[in-house]
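**Q** Handing you a structure now.
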Amino acid sequence: MPRTKAAPPAQPTDGIADAEADGARGASVDEIADRILTAIWEHRLPPGTKLVEEKLGGVFGVSRTKVRLAFAKLAHEGVLTVHPNRGTFVSSPSVAEARQVLHSRHLLEPALVHDLAGVIGAPGVRALRETTRQEAQARDSNDRRAIIRLSGEFHCKLAEMTGNQYLGKYMRELCSLTCLIIALYDAPGVPSCPHHEHDDIVDALEAGDGERAARLMREHLGHVESTLRLELPAEEKVDLEAVFAAV
């Protein structure tokens, strides 16, 4: 009896094939997501910006499939928003959402540095000092984009140093959303928080003084919030009758 010829193996779908082909070339999904996130942190991608898969695929030298996966990762973190039939946009947190983000940080970060004060070692202190040194350089050159990015990195490093992966992930999301909030609600003419506050927190951590570190963090977050105009509505309603009645 003749042997039945085996069926050829199933071919991957176009999307999977694209993703597999990308494995040998171009940026990885994580690298794409990190570069988009850095652009957001540095305010090079303002809230509401539409991101086009095809264009970014060309920028990063990958298929749209890999860009779409990066978009999905950042959308899960709340940094990007997907609107059906419209596309993917850099998120624009409402005033209510901004307050929730800041409230979360007030609850989390003082407790975080309180516990970190007892366990941070010399290498951790040196890493934080290096970040504050770079931040001071950015302030001297009035590089606002770098200041915002480095400030976010400082807070993320604090969370990472706890060794708690969930705290690190959550802090990254909160810092990313805070960057968007600053871009939307920063009050013009209001000075940013004093430049020495991060150094003061590191001093308290190095001294093992958890109570002081927590107090300084609460004050620091309060100063950040004081530079925002969160009393204003995110979207002002326009009275069309009033607008055109004056014409």
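To be explicit about the labels: the chains of the structure tokens are called A, B, and onward in the order shown, and within each one the residues are counted from 1, while ligands get numbers from 1 in the order they are shown.
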List as JSON, numbers by chain the protein and nucleic acid residues near segment 167-175 of chain A, meaning an atom at most 7 Å away when only C-alpha atoms are counted, but skip any in the same chain fewer than 5 places from it.
**A** {"A": [77, 101, 152, 156, 159, 160]}
**Q** I'd like the neighbourhood of Arg86 of chain A as a ChimeraX atom specification, where a residue qualifies if any of its atoms comes within 12 Å (using only C-alpha atoms), though same-chain residues fewer than 6 positions away should be ignored.
**A** /A:50-52
**Q** When distances are computed from only C-alpha atoms, which of A:Glu42, A:Glu31, A:Asp115, A:Asp200 shows the smallest separation from Gly163 of chain A?
**A**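 That would be A:Asp115, the residue with the smallest distance to Gly163 of chain A.
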**Q** Taking 6 positions as the minimum chain separation for residues in the same chain, which residues sit within 9 Å of Ala136 of chain A when counting only C-alpha atoms? Answer as an MDAnalysis selection string.
**A** chainID A and resid 147 195:196
**Q** Using only C-alpha atoms for the distances, tell me which of A:His76, A:Ser151, A:Val113, A:Leu37 is nearest to Arg139 of chain A.
**A**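 Among the listed residues, the smallest separation from Arg139 of chain A belongs to A:Ser151.
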**Q** Determine, counting only C-alpha atoms, which protein, DNA and RNA residues have an atom within 9 Å of an atom of segment 202-219 of chain A; residues of the same chain fewer than 5 positions away are not included. Present the result as a short mmCIF file (atom, residue, chain, number, x, y, z; two decimals) with C-alpha atoms, in the first residue's frame.
**A**
```
data_model
loop_
_atom_site.label_atom_id
_atom_site.label_comp_id
_atom_site.auth_asym_id
_atom_site.auth_seq_id
_atom_site.Cartn_x
_atom_site.Cartn_y
_atom_site.Cartn_z
CA HIS A 106 2.26 60.44 47.65
CA GLU A 109 7.23 56.98 47.56
CA PRO A 110 7.58 58.19 51.17
CA ALA A 111 7.11 54.60 52.36
CA LEU A 112 9.51 53.38 49.68
CA VAL A 113 12.40 55.63 50.75
CA HIS A 114 11.64 55.00 54.43
CA ASP A 115 12.29 51.29 53.92
CA LEU A 116 15.19 51.85 51.51
CA ALA A 117 17.12 53.93 54.06
CA GLY A 118 17.91 50.86 56.09
CA VAL A 119 19.17 48.69 53.25
CA ILE A 120 20.74 50.90 50.57
CA GLY A 121 24.47 50.37 50.28
CA ALA A 122 27.35 52.46 49.02
CA VAL A 125 24.19 55.82 46.90
CA LEU A 128 21.90 58.06 42.85
CA ARG A 129 24.66 60.67 43.21
CA GLU A 197 15.83 68.17 46.92
CA VAL A 224 6.19 69.14 42.04
#
```
**Q** I want to know what sits within 7 Å of segment 57-62 of chain A, based on only C-alpha atoms, with residues of the same chain fewer than 4 positions away left out; could you give that as number ranges by chain?
**A** A: 22, 26-27, 53, 66-67
**Q** Next, dump the selected residues to file, keeping only C-alpha atoms, as a PDB file, in the first residue's frame.
**A**
```pdb
ATOM      1  CA  ASP A  22      12.617  41.135  12.701  1.00  0.00           C
ATOM      2  CA  GLY A  26      16.340  46.164  13.627  1.00  0.00           C
ATOM      3  CA  ALA A  27      15.437  47.119  17.168  1.00  0.00           C
ATOM      4  CA  GLU A  53       3.115  52.146  12.758  1.00  0.00           C
ATOM      5  CA  LYS A  66       6.987  44.714  16.005  1.00  0.00           C
ATOM      6  CA  VAL A  67       5.997  48.374  16.306  1.00  0.00           C
TER       7      VAL A  67
END
```
**Q** Could you state the separation of atom CA of Arg64 of chain A and atom CA of Leu180 of chain A in Å, given to one decimal place?
**A**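 About the pair atom CA of Arg64 of chain A and atom CA of Leu180 of chain A: they are 25.2 Å apart.
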**Q** Calculated over only C-alpha atoms, which of the candidates A:Ile36, A:Leu230, A:Leu56, A:Ala75 has the smallest distance to Gln100 of chain A?
**A**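 For Gln100 of chain A, the nearest of the candidates is A:Leu230.
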